[in-house]
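Down below is the structure, laid out as structure tokens.
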Amino acid sequence: MPEERGKRGASQWAVAWRRFKRNKSALIGSAIVVFFVAVALLAPYIAPYPARSYLPLYEGDAGSPPSFKHPFGVEDSGIDVFSETIHGTTNDLYVGLAATLITTLIGVAVGAVAGYFKGAISDVLLGLTQVFFVIPVLLLILLFARVFSVLVFRGLGLTLIVLILSFFGWSSIAFIVRGETLRLKEMEFIQAARALGASSYRILFRHIVPNILSPVIVVATLNIAGFILTEVVVSFLGFGDANTSTWGLLLNEGFSFIRTDWWVSLFPGIAVVVCVLGFNVMGDGLSDALNPRLRE
Amino acid sequence: MVEKLLEISNLRTYFFTEAGVVKAVDGISVEVNKGKTIGLVGESGSGKSVTAQSVLRIVPRPGRIVDGSIRFAGEDLLSKSENEMRKLRGPQMAIVFQDPTTSLNPVYTVEKQLTDILMLHKDLTKAEASKTALSLLQHVGIQEPEKRLKAYPHELSGGMKQRIAIARALSCEPTLLFADEPTTNLDVTIQAQVLELLKQLQKEYGMTMVMITHDMGIVADMTERVTVLYAGKVMEVADTHTLFTSPKHPYTEALLKAVPSVKQTRALEVIPGNIPNLIEPPTGCVFHPRCKYAKEICVKSEPALEKVENGHDVACHFWRDLKLEGRGR
Amino acid sequence: MQAAQDSTQPILEVDSLVKHFDVLERGIIRKKRIGEVHAVDNVSFHIFRGETLGLVGESGCGKTTTGKVILYLEQPSSGSVLFESKNVFEIFENGNQAESKALRRSMQMVFQNPYNSLDPRMTVYDIISEAFTIHKNIPKEQWKDRVYEILRMVNLEEYHAERYPHEFSGGQRQRIAIARALAVDPKFIILDEPVSSLDVSIRAQILNLLVELQHRKHLSYLYISHDLSSVRQISQRVAVMYLGEIVELATAEQLFDKPLHPYTQALISAVPVPDVTHKGIRILLPGEVPSPIDPPQACRFHPRCPYATDVCRQVAPKLEDKLIKNHFVACHHADKFV
């Protein structure tokens, strides 16, 4: 009860942040995420070799197991696994974050409109969401990668993945946003805004969207992990661009030698697991912290 | 011979939450005589529901009884094990909750919810239990009881659901019945039906009933003695008639003046301020921030429950000096 | 609590208002209409400037829907509402921006649930100043002063402006809701159960505040509630609704002291009176409050009415004041109770 004068007001974000900070595993997850983001951004400076470089071959280290000089070992072809893993971080995070950004924007827009308005527009958008939801995105990516292999070859493989993921992967967010919008629409503060003369546009952006951000943030965080995994699968299956460093590509290259040159699969594999885990745990922590039970 | 069925003594039930310790019940003493209907009246945060939960030992986490004693028919309830309490819940004491939509299980039929309890506490076969359930529904005034037995809660109206909740509470003929705001969620005309039903059943079963409510009208209508609670403490205890006509506590007086009546138009007197924060309740007398008679001593020292006369206790430093107004004569 | 009445021209005229909702069933491609909810069926009443009209009834009677339709928050099925002689529905349907906005400034609403009626993501300052943003009628430099002025009007402090709704109690939130309604300087406010969710000791605060504001700003109120006791305190006239229809309409004194409709009588007798000397006979109505999906024929109250006769089952009674002037009742047998 704010009867004391000095007490600072606390928005729901501030309250959520305090709860988040108290959650140990959430902090660990965030630390992991921050770590990977840092690696991704600093890759050009910290990776010992340029991307896809065969230099170690000329240094006579091809196929060597992990050592002080090559912490994650070297592939038979001469590619340094440690360096490649770092470059892969940049590209995998790019896929995860870019696709998430776009799908979130589309999903929120579609979901909010579908939930708030009645009639043809809303029915069509809902139908579209339902259809897109069941499309197997992974298969589509594989298909497009084959069909547009020329683009993949030109180095647009990652962008292709991002585009397809963005184009087809927004349904889960749209569903959540639509559900939340439907629920919020009936709330009295929305009716009060209408009674004040607010336009639908204003209600959507000023009232509904800020109130649906919580579940969207959580799902978006989990989506990042999911999209990264999709990239890993695509490249692992050999549909990715052989000229772009990604974790999936490393896994693909290491697969045939998994018995002998185990380091080519192990370290990128660990990177994938830890990165995905980090995002998932952070997402869990966000979900707990943002849980709207702020009525004491 | 007036027999004391329930004796709550200096009960303290606290909730240990993230934000702090909520002192929901902070030193409440209540005595209930057998066969009577007593009222526990208070607003939100008064501790009235938590008191009932404490007696039944169903206080939800993170709540815990931390002090005091509860004696039921002479036996100490707080020392009983969970198993022993389970044997008491149903045959000895029962509760009807405020919202029948959440107190009835939505995935079971009415019949199953009643027969489950009957078969648990009495040694009945399924067929016998069903027959008893049917007669219970008739008893609480439900039309077409055979149909209703097979129905699911969501198919029934609020009034009917509450009757079924009452039937369930009475199924094992308890000695003590808690009714926690049983009519608050119901429409006015349905509320009248349910209140009359409770009155009638109480006479029939000879039950002792504790009516928990915030509605002074219900208190006047249904109870013989009443305890006024505020912020986890007892303010005043008296016979209902005495409480209304000559209250001795400023909160009681204020409550009576703030409540509108359908029988007359009168100016409502406002109680300023808000219900206090139970994590950091006011010092001294917990009502002092809102009391128009408060003096310095009220801020410093908590008044003890003192006897005004037989059967009338009040917790106020100035009850002897104040001339308070009641309602009616 | 008599408010000054300007009894020449009503500020609000509701005429034959009807609102039906379709009951839909999920089909393969589109939903199928399988029934109709007669939420509001031919409701008419006036409200004079400076007056409070109480609208009472139980759940499903249509009182809340009536309020929402008057403000065009729900679209009416038929009927008209005149505000200061202007046709409300026509103005909103035409989409005339200037006139619609003017109406929105004149007619406001305070909602029931103080926990849902404020946007949890906005500060109190944002909530109150939103009106200024939408209507652009106050220069930006004056906003702060205006917000503080309005906060003081509802007995809140200036420092409350930076806080968020969840930091306030129910009663305080309701004050903020009232402040929001006052921000547009309205002439007419619909109060939809404004104190039902509040604690007893807080209700009087809010009710007294509403009455005080009414006197100060010469406001007119439509007070919707199921709590007859509070309706009696602040209304000059009262209308009783049952299953979408008005069954009785009279001054508060007349209605509560000498109700002419059997439903009103039962309703009033059902309310517990906080007075130990009160000895009333409680009229118990049989059965449940019926659903507005398939209301009974003719007089909708006849299945539960202790005085129902054949004519009640066949002919719908009209709302008339034939027996006592300005005391309207829709009952074939009202003469019994005069």
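Residue numbers start at 1 in each chain; chains themselves are named A, B, ... in the order of the structure tokens; ligands are numbered from 1 in the order shown.
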
Next item on the list: Dump as number ranges by chain the residues of chain B that approach chain C to within 6 Å, counting only C-alpha atoms.
Entry: B: 43, 187, 189, 192, 216-218, 220, 241, 258, 260-262, 265, 270-271, 328

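Using only C-alpha atoms, one finds that the residues of chain B close to chain A, at 10 Å or less, are Thr17, Glu18, Ala19, Gly273, Asn274, Ile275, Pro276 and Asn277 of chain B.
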
What does the file look like for those residues with N, CA and C atoms, as a short mmCIF file (atom, residue, chain, number, x, y, z; two decimals), in the first residue's frame?
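So selection31.cif came out as:
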```cif
data_model
loop_
_atom_site.label_atom_id
_atom_site.label_comp_id
_atom_site.auth_asym_id
_atom_site.auth_seq_id
_atom_site.Cartn_x
_atom_site.Cartn_y
_atom_site.Cartn_z
N THR B 17 5.26 -15.56 3.15
CA THR B 17 5.34 -15.33 1.71
C THR B 17 6.66 -14.67 1.34
N GLU B 18 6.86 -14.57 0.02
CA GLU B 18 8.06 -13.89 -0.51
C GLU B 18 8.16 -12.48 -0.01
N ALA B 19 7.00 -11.83 0.07
CA ALA B 19 7.01 -10.41 0.40
C ALA B 19 7.18 -10.18 1.90
N GLY B 273 -9.42 6.00 5.35
CA GLY B 273 -8.27 5.11 5.30
C GLY B 273 -8.59 3.78 4.67
N ASN B 274 -7.62 2.88 4.75
CA ASN B 274 -7.75 1.57 4.11
C ASN B 274 -7.49 0.44 5.08
N ILE B 275 -7.86 -0.77 4.64
CA ILE B 275 -7.55 -1.97 5.42
C ILE B 275 -6.02 -2.04 5.50
N PRO B 276 -5.49 -2.31 6.67
CA PRO B 276 -4.04 -2.24 6.81
C PRO B 276 -3.30 -3.40 6.15
N ASN B 277 -2.03 -3.17 5.96
CA ASN B 277 -1.12 -4.16 5.43
C ASN B 277 -0.81 -5.17 6.52
#
```

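Checking B:Thr283, B:Gln264, B:Ser171, B:Thr240 one by one against Gln254 in chain C, counting only C-alpha atoms, you find the shortest gap at B:Gln264.
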
Next item on the list: Kindly provide, as a ChimeraX atom specification, the residues of chain C having any atom no farther than 9 Å from an atom of chain A, counting only C-alpha atoms.
Entry: /C:71-73,100-105,107-123,130-131,134-135,159-160,162-164,166-169,177,180-181,184

Once you have the residues from the selection above, write them out as an mmCIF file, in the first residue's frame, restricted to C-alpha atoms.
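Saved to again_31.cif:
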```cif
data_model
loop_
_atom_site.group_PDB
_atom_site.id
_atom_site.type_symbol
_atom_site.label_atom_id
_atom_site.label_comp_id
_atom_site.auth_asym_id
_atom_site.auth_seq_id
_atom_site.Cartn_x
_atom_site.Cartn_y
_atom_site.Cartn_z
ATOM 1 C CA LEU C 71 -22.590 4.258 -24.555
ATOM 2 C CA TYR C 72 -22.471 2.347 -27.824
ATOM 3 C CA LEU C 73 -19.853 -0.014 -26.406
ATOM 4 C CA SER C 100 -18.446 11.079 -31.778
ATOM 5 C CA LYS C 101 -15.583 12.434 -29.757
ATOM 6 C CA ALA C 102 -17.795 15.102 -28.264
ATOM 7 C CA LEU C 103 -20.203 12.416 -27.129
ATOM 8 C CA ARG C 104 -17.361 10.410 -25.648
ATOM 9 C CA ARG C 105 -16.429 13.439 -23.613
ATOM 10 C CA MET C 107 -20.869 10.340 -21.485
ATOM 11 C CA GLN C 108 -18.553 8.220 -19.384
ATOM 12 C CA MET C 109 -18.553 4.992 -17.450
ATOM 13 C CA VAL C 110 -17.055 3.609 -14.259
ATOM 14 C CA PHE C 111 -16.757 -0.155 -14.318
ATOM 15 C CA GLN C 112 -17.307 -2.780 -11.703
ATOM 16 C CA ASN C 113 -14.044 -4.558 -11.278
ATOM 17 C CA PRO C 114 -11.310 -2.262 -9.992
ATOM 18 C CA TYR C 115 -8.725 -4.920 -10.754
ATOM 19 C CA ASN C 116 -9.551 -5.166 -14.440
ATOM 20 C CA SER C 117 -10.606 -1.650 -15.279
ATOM 21 C CA LEU C 118 -7.147 -0.055 -15.182
ATOM 22 C CA ASP C 119 -4.382 -0.898 -17.654
ATOM 23 C CA PRO C 120 -1.742 -2.575 -15.485
ATOM 24 C CA ARG C 121 1.052 -1.282 -17.722
ATOM 25 C CA MET C 122 0.203 2.411 -17.369
ATOM 26 C CA THR C 123 0.930 4.769 -14.528
ATOM 27 C CA GLU C 130 -4.919 9.448 -21.916
ATOM 28 C CA ALA C 131 -8.097 11.502 -22.265
ATOM 29 C CA ILE C 134 -7.162 11.340 -27.412
ATOM 30 C CA HIS C 135 -9.141 14.550 -27.347
ATOM 31 C CA TYR C 159 2.531 11.473 -5.659
ATOM 32 C CA HIS C 160 0.093 8.739 -6.573
ATOM 33 C CA GLU C 162 3.670 7.953 -10.745
ATOM 34 C CA ARG C 163 2.413 4.693 -9.315
ATOM 35 C CA TYR C 164 1.012 1.677 -11.067
ATOM 36 C CA HIS C 166 -1.248 -2.883 -8.709
ATOM 37 C CA GLU C 167 0.222 -0.760 -5.949
ATOM 38 C CA PHE C 168 -3.207 0.445 -4.865
ATOM 39 C CA SER C 169 -6.060 -1.062 -2.884
ATOM 40 C CA ALA C 177 -11.252 4.893 -12.387
ATOM 41 C CA ARG C 180 -10.235 8.816 -15.435
ATOM 42 C CA ALA C 181 -13.913 9.366 -16.152
ATOM 43 C CA VAL C 184 -12.958 14.442 -19.981
#
```

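Contact shell of Gly88 in chain A at 8 Å (only C-alpha atoms; same-chain neighbours under 2 positions omitted): Glu84, Thr85, Ile86, Thr90, Asn91, Asp92, Ser245, Thr246 and Trp247 of chain A.
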
Please, could you write that set of residues out with N, CA and C atoms as an mmCIF file, in the first residue's frame?
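Ended up saving to selection-v8.cif:
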```cif
data_model
loop_
_atom_site.group_PDB
_atom_site.id
_atom_site.type_symbol
_atom_site.label_atom_id
_atom_site.label_comp_id
_atom_site.auth_asym_id
_atom_site.auth_seq_id
_atom_site.Cartn_x
_atom_site.Cartn_y
_atom_site.Cartn_z
ATOM 1 N N GLU A 84 36.326 -22.794 -36.039
ATOM 2 C CA GLU A 84 35.059 -22.961 -36.735
ATOM 3 C C GLU A 84 33.871 -22.873 -35.786
ATOM 4 N N THR A 85 34.068 -23.427 -34.590
ATOM 5 C CA THR A 85 32.967 -23.353 -33.628
ATOM 6 C C THR A 85 32.651 -21.904 -33.289
ATOM 7 N N ILE A 86 33.714 -21.098 -33.166
ATOM 8 C CA ILE A 86 33.482 -19.684 -32.862
ATOM 9 C C ILE A 86 32.758 -18.995 -34.018
ATOM 10 N N THR A 90 28.560 -17.191 -34.471
ATOM 11 C CA THR A 90 28.016 -15.994 -35.112
ATOM 12 C C THR A 90 26.861 -16.334 -36.035
ATOM 13 N N ASN A 91 27.103 -17.323 -36.887
ATOM 14 C CA ASN A 91 26.073 -17.621 -37.888
ATOM 15 C C ASN A 91 24.828 -18.258 -37.288
ATOM 16 N N ASP A 92 25.030 -19.154 -36.319
ATOM 17 C CA ASP A 92 23.848 -19.797 -35.726
ATOM 18 C C ASP A 92 23.020 -18.806 -34.936
ATOM 19 N N SER A 245 30.355 -21.214 -42.146
ATOM 20 C CA SER A 245 30.632 -21.945 -40.905
ATOM 21 C C SER A 245 29.408 -22.018 -40.035
ATOM 22 N N THR A 246 28.937 -23.198 -39.782
ATOM 23 C CA THR A 246 27.870 -23.364 -38.794
ATOM 24 C C THR A 246 28.150 -24.630 -37.993
ATOM 25 N N TRP A 247 27.513 -24.712 -36.852
ATOM 26 C CA TRP A 247 27.676 -25.902 -36.023
ATOM 27 C C TRP A 247 27.162 -27.148 -36.743
#
```

Next item on the list: Name the residues in contact with Phe328 in chain C at a cut-off of 7 Å, using only C-alpha atoms, excluding same-chain residues fewer than 4 positions from it; report them as JSON, numbers by chain.
Entry: {"C": [248, 249, 250, 319, 320, 321]}

Check: Hey, what's within 8 Å of range 255-262 of chain A if we count only C-alpha atoms and toss same-chain stuff fewer than 2 positions away? As a PyMOL selection string, please?
Finding: chain A and resi 63+65+75+251-253+264-266

Would you mind exporting the chosen residues as a CSV table (one decimal), in the first residue's frame, restricted to N, CA and C atoms?
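In the end it all went to again-v4.csv:
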```csv
chain,number,residue,atom,x,y,z
A,63,GLY,N,44.0,-33.3,-39.0
A,63,GLY,CA,43.6,-34.5,-38.4
A,63,GLY,C,44.1,-34.7,-37.0
A,65,PRO,N,44.3,-34.5,-32.9
A,65,PRO,CA,43.3,-34.4,-31.8
A,65,PRO,C,43.6,-33.1,-31.0
A,75,GLU,N,40.2,-31.0,-38.2
A,75,GLU,CA,39.6,-31.9,-39.0
A,75,GLU,C,40.6,-32.5,-40.0
A,251,LEU,N,29.1,-30.7,-37.6
A,251,LEU,CA,28.5,-32.0,-37.2
A,251,LEU,C,28.4,-32.9,-38.4
A,252,ASN,N,28.1,-32.3,-39.5
A,252,ASN,CA,28.0,-33.0,-40.8
A,252,ASN,C,29.3,-33.5,-41.2
A,253,GLU,N,30.3,-32.7,-41.1
A,253,GLU,CA,31.7,-33.1,-41.5
A,253,GLU,C,32.3,-34.1,-40.6
A,264,VAL,N,35.7,-33.6,-33.8
A,264,VAL,CA,35.0,-32.8,-34.7
A,264,VAL,C,33.5,-32.7,-34.4
A,265,SER,N,33.0,-33.8,-33.8
A,265,SER,CA,31.5,-33.9,-33.5
A,265,SER,C,31.3,-33.4,-32.1
A,266,LEU,N,32.2,-33.8,-31.2
A,266,LEU,CA,32.0,-33.5,-29.8
A,266,LEU,C,31.8,-32.1,-29.4
```

Would you give me, as a PDB file with C-alpha atoms, in the first residue's frame, the residues in range 63-280 of chain B that DSSP reads as alpha helix (DSSP H)?
```
ATOM      1  CA  GLU B  82      -3.483 -35.500   9.832  1.00  0.00           C
ATOM      2  CA  ASN B  83      -5.133 -38.908   9.854  1.00  0.00           C
ATOM      3  CA  GLU B  84      -7.059 -38.107  12.984  1.00  0.00           C
ATOM      4  CA  MET B  85      -8.145 -34.771  11.521  1.00  0.00           C
ATOM      5  CA  ARG B  86      -9.379 -36.511   8.409  1.00  0.00           C
ATOM      6  CA  LYS B  87     -11.693 -38.611  10.522  1.00  0.00           C
ATOM      7  CA  LEU B  88     -13.136 -35.465  12.005  1.00  0.00           C
ATOM      8  CA  PRO B 100     -19.563 -23.201  -5.488  1.00  0.00           C
ATOM      9  CA  THR B 101     -18.062 -23.092  -8.952  1.00  0.00           C
ATOM     10  CA  THR B 102     -14.614 -23.798  -7.582  1.00  0.00           C
ATOM     11  CA  SER B 103     -15.590 -25.809  -4.510  1.00  0.00           C
ATOM     12  CA  VAL B 110     -22.965 -34.555  -8.350  1.00  0.00           C
ATOM     13  CA  GLU B 111     -23.698 -38.112  -7.372  1.00  0.00           C
ATOM     14  CA  LYS B 112     -20.068 -39.117  -7.320  1.00  0.00           C
ATOM     15  CA  GLN B 113     -19.054 -36.156  -5.233  1.00  0.00           C
ATOM     16  CA  LEU B 114     -21.669 -36.973  -2.618  1.00  0.00           C
ATOM     17  CA  THR B 115     -21.305 -40.756  -2.590  1.00  0.00           C
ATOM     18  CA  ASP B 116     -17.519 -40.543  -2.353  1.00  0.00           C
ATOM     19  CA  ILE B 117     -17.762 -38.784   0.977  1.00  0.00           C
ATOM     20  CA  LEU B 118     -20.584 -40.959   2.209  1.00  0.00           C
ATOM     21  CA  MET B 119     -18.754 -44.168   1.445  1.00  0.00           C
ATOM     22  CA  LEU B 120     -15.589 -42.809   2.990  1.00  0.00           C
ATOM     23  CA  HIS B 121     -16.999 -41.885   6.347  1.00  0.00           C
ATOM     24  CA  LYS B 126     -22.543 -47.654  -3.468  1.00  0.00           C
ATOM     25  CA  ALA B 127     -26.274 -48.282  -3.780  1.00  0.00           C
ATOM     26  CA  GLU B 128     -26.964 -47.164  -0.233  1.00  0.00           C
ATOM     27  CA  ALA B 129     -24.820 -44.089  -0.693  1.00  0.00           C
ATOM     28  CA  SER B 130     -26.694 -43.139  -3.856  1.00  0.00           C
ATOM     29  CA  LYS B 131     -29.991 -43.390  -2.028  1.00  0.00           C
ATOM     30  CA  THR B 132     -28.695 -41.209   0.753  1.00  0.00           C
ATOM     31  CA  ALA B 133     -27.363 -38.698  -1.784  1.00  0.00           C
ATOM     32  CA  LEU B 134     -30.782 -38.516  -3.388  1.00  0.00           C
ATOM     33  CA  SER B 135     -32.516 -37.836  -0.120  1.00  0.00           C
ATOM     34  CA  LEU B 136     -29.879 -35.210   0.728  1.00  0.00           C
ATOM     35  CA  LEU B 137     -30.662 -33.342  -2.486  1.00  0.00           C
ATOM     36  CA  GLN B 138     -34.342 -33.447  -1.667  1.00  0.00           C
ATOM     37  CA  HIS B 139     -33.550 -32.181   1.772  1.00  0.00           C
ATOM     38  CA  PRO B 145     -33.162 -34.528  -7.680  1.00  0.00           C
ATOM     39  CA  GLU B 146     -32.774 -37.711  -9.743  1.00  0.00           C
ATOM     40  CA  LYS B 147     -31.819 -35.629 -12.762  1.00  0.00           C
ATOM     41  CA  ARG B 148     -29.506 -33.390 -10.806  1.00  0.00           C
ATOM     42  CA  LEU B 149     -27.651 -36.338  -9.337  1.00  0.00           C
ATOM     43  CA  GLY B 158     -25.162 -20.895  -8.865  1.00  0.00           C
ATOM     44  CA  GLY B 159     -27.944 -21.375  -6.367  1.00  0.00           C
ATOM     45  CA  MET B 160     -28.237 -25.068  -7.104  1.00  0.00           C
ATOM     46  CA  LYS B 161     -24.486 -25.559  -6.866  1.00  0.00           C
ATOM     47  CA  GLN B 162     -24.435 -23.936  -3.476  1.00  0.00           C
ATOM     48  CA  ARG B 163     -27.267 -26.162  -2.294  1.00  0.00           C
ATOM     49  CA  ILE B 164     -25.252 -29.155  -3.422  1.00  0.00           C
ATOM     50  CA  ALA B 165     -22.213 -27.796  -1.602  1.00  0.00           C
ATOM     51  CA  ILE B 166     -24.400 -27.537   1.484  1.00  0.00           C
ATOM     52  CA  ALA B 167     -25.701 -31.055   0.951  1.00  0.00           C
ATOM     53  CA  ARG B 168     -22.138 -32.282   0.699  1.00  0.00           C
ATOM     54  CA  ALA B 169     -21.172 -30.494   3.891  1.00  0.00           C
ATOM     55  CA  LEU B 170     -24.120 -31.977   5.732  1.00  0.00           C
ATOM     56  CA  VAL B 188     -30.362 -11.579  -3.957  1.00  0.00           C
ATOM     57  CA  THR B 189     -33.434 -13.777  -4.288  1.00  0.00           C
ATOM     58  CA  ILE B 190     -31.335 -16.927  -4.330  1.00  0.00           C
ATOM     59  CA  GLN B 191     -29.413 -15.664  -1.333  1.00  0.00           C
ATOM     60  CA  ALA B 192     -32.676 -15.444   0.563  1.00  0.00           C
ATOM     61  CA  GLN B 193     -33.489 -19.044  -0.344  1.00  0.00           C
ATOM     62  CA  VAL B 194     -30.094 -20.326   0.766  1.00  0.00           C
ATOM     63  CA  LEU B 195     -30.138 -18.396   4.037  1.00  0.00           C
ATOM     64  CA  GLU B 196     -33.569 -19.740   4.884  1.00  0.00           C
ATOM     65  CA  LEU B 197     -32.370 -23.218   3.995  1.00  0.00           C
ATOM     66  CA  LEU B 198     -29.392 -22.903   6.319  1.00  0.00           C
ATOM     67  CA  LYS B 199     -31.636 -21.708   9.139  1.00  0.00           C
ATOM     68  CA  GLN B 200     -34.010 -24.602   8.631  1.00  0.00           C
ATOM     69  CA  LEU B 201     -31.269 -27.211   8.388  1.00  0.00           C
ATOM     70  CA  GLN B 202     -29.558 -25.915  11.453  1.00  0.00           C
ATOM     71  CA  LYS B 203     -32.719 -26.435  13.453  1.00  0.00           C
ATOM     72  CA  GLU B 204     -33.309 -29.874  11.971  1.00  0.00           C
ATOM     73  CA  TYR B 205     -29.818 -31.227  12.442  1.00  0.00           C
ATOM     74  CA  MET B 216     -24.153  -6.925   8.714  1.00  0.00           C
ATOM     75  CA  GLY B 217     -27.615  -7.698   7.424  1.00  0.00           C
ATOM     76  CA  ILE B 218     -26.869 -11.418   7.448  1.00  0.00           C
ATOM     77  CA  VAL B 219     -25.394 -11.080  10.912  1.00  0.00           C
ATOM     78  CA  ALA B 220     -28.551  -9.429  12.177  1.00  0.00           C
ATOM     79  CA  ASP B 221     -30.719 -12.029  10.532  1.00  0.00           C
ATOM     80  CA  MET B 222     -28.914 -15.277  11.193  1.00  0.00           C
ATOM     81  CA  THR B 240     -26.019  -9.952  18.244  1.00  0.00           C
ATOM     82  CA  HIS B 241     -28.758  -7.821  19.737  1.00  0.00           C
ATOM     83  CA  THR B 242     -26.346  -6.128  22.131  1.00  0.00           C
ATOM     84  CA  LEU B 243     -23.755  -5.575  19.423  1.00  0.00           C
ATOM     85  CA  PHE B 244     -26.212  -3.747  17.216  1.00  0.00           C
ATOM     86  CA  THR B 245     -27.957  -1.714  19.873  1.00  0.00           C
ATOM     87  CA  PRO B 250     -15.394   2.211  17.526  1.00  0.00           C
ATOM     88  CA  TYR B 251     -14.950  -0.175  14.607  1.00  0.00           C
ATOM     89  CA  THR B 252     -18.288  -1.821  15.281  1.00  0.00           C
ATOM     90  CA  GLU B 253     -19.932   1.562  15.548  1.00  0.00           C
ATOM     91  CA  ALA B 254     -18.280   2.726  12.344  1.00  0.00           C
ATOM     92  CA  LEU B 255     -19.274  -0.442  10.514  1.00  0.00           C
ATOM     93  CA  LEU B 256     -22.884  -0.077  11.558  1.00  0.00           C
ATOM     94  CA  LYS B 257     -22.914   3.524  10.400  1.00  0.00           C
ATOM     95  CA  ALA B 258     -21.218   2.812   7.071  1.00  0.00           C
TER      96      ALA B 258
END
```

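For range 293-310 of chain B, the residues within 9 Å (counting only C-alpha atoms, excluding itself and residues fewer than 4 positions away along the chain) are Val234, Met235, Glu236, Ala238, Lys248, Pro250, Pro282, Thr283, Gly284, Cys285, Val286, Phe287, His288, Pro289, Val314, Ala315, Cys316, His317, Phe318, Trp319, Arg320 and Leu322 of chain B.
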
For Val162 in chain A, work out the shell of residues within 6 Å, counting only C-alpha atoms and skipping chain neighbours fewer than 3 positions away, then give it as a CSV table (one decimal) with N, CA and C atoms, in the first residue's frame.
```csv
chain,number,residue,atom,x,y,z
A,95,VAL,N,21.0,-16.7,-37.3
A,95,VAL,CA,19.7,-17.4,-37.7
A,95,VAL,C,18.7,-17.3,-36.6
A,99,ALA,N,15.5,-14.8,-37.3
A,99,ALA,CA,14.3,-15.4,-37.5
A,99,ALA,C,13.3,-15.1,-36.4
A,159,THR,N,20.6,-17.0,-45.1
A,159,THR,CA,19.5,-16.1,-45.3
A,159,THR,C,18.2,-16.8,-45.8
A,165,LEU,N,12.1,-19.7,-42.3
A,165,LEU,CA,11.7,-19.8,-40.9
A,165,LEU,C,10.7,-18.6,-40.6
A,166,SER,N,11.1,-17.4,-41.1
A,166,SER,CA,10.3,-16.3,-40.8
A,166,SER,C,9.0,-16.3,-41.5
```

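When only C-alpha atoms are used to measure the gap to Trp143 in chain C, the shortest distance among C:Leu243, C:Leu210, C:Asp126, C:Asn94 belongs to C:Asp126.
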
Item checked: Distance of CA of Asp99 in chain B from CA of Arg183 in chain A, expressed in Å to one decimal place -> 22.0 Å

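For range 211-260 of chain C, the set of residues given strand (DSSP E) by DSSP on the backbone reads Ser220, Tyr221, Leu222, Tyr223, Ile224, Ser225, Arg237, Val238, Ala239, Val240, Met241, Tyr242, Glu245, Ile246, Val247, Glu248, Leu249, Ala250 and Thr251 of chain C.
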
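Reported to one decimal place, the separation of CA of Ile212 in chain B from CA of Glu181 in chain B is 5.5 Å.
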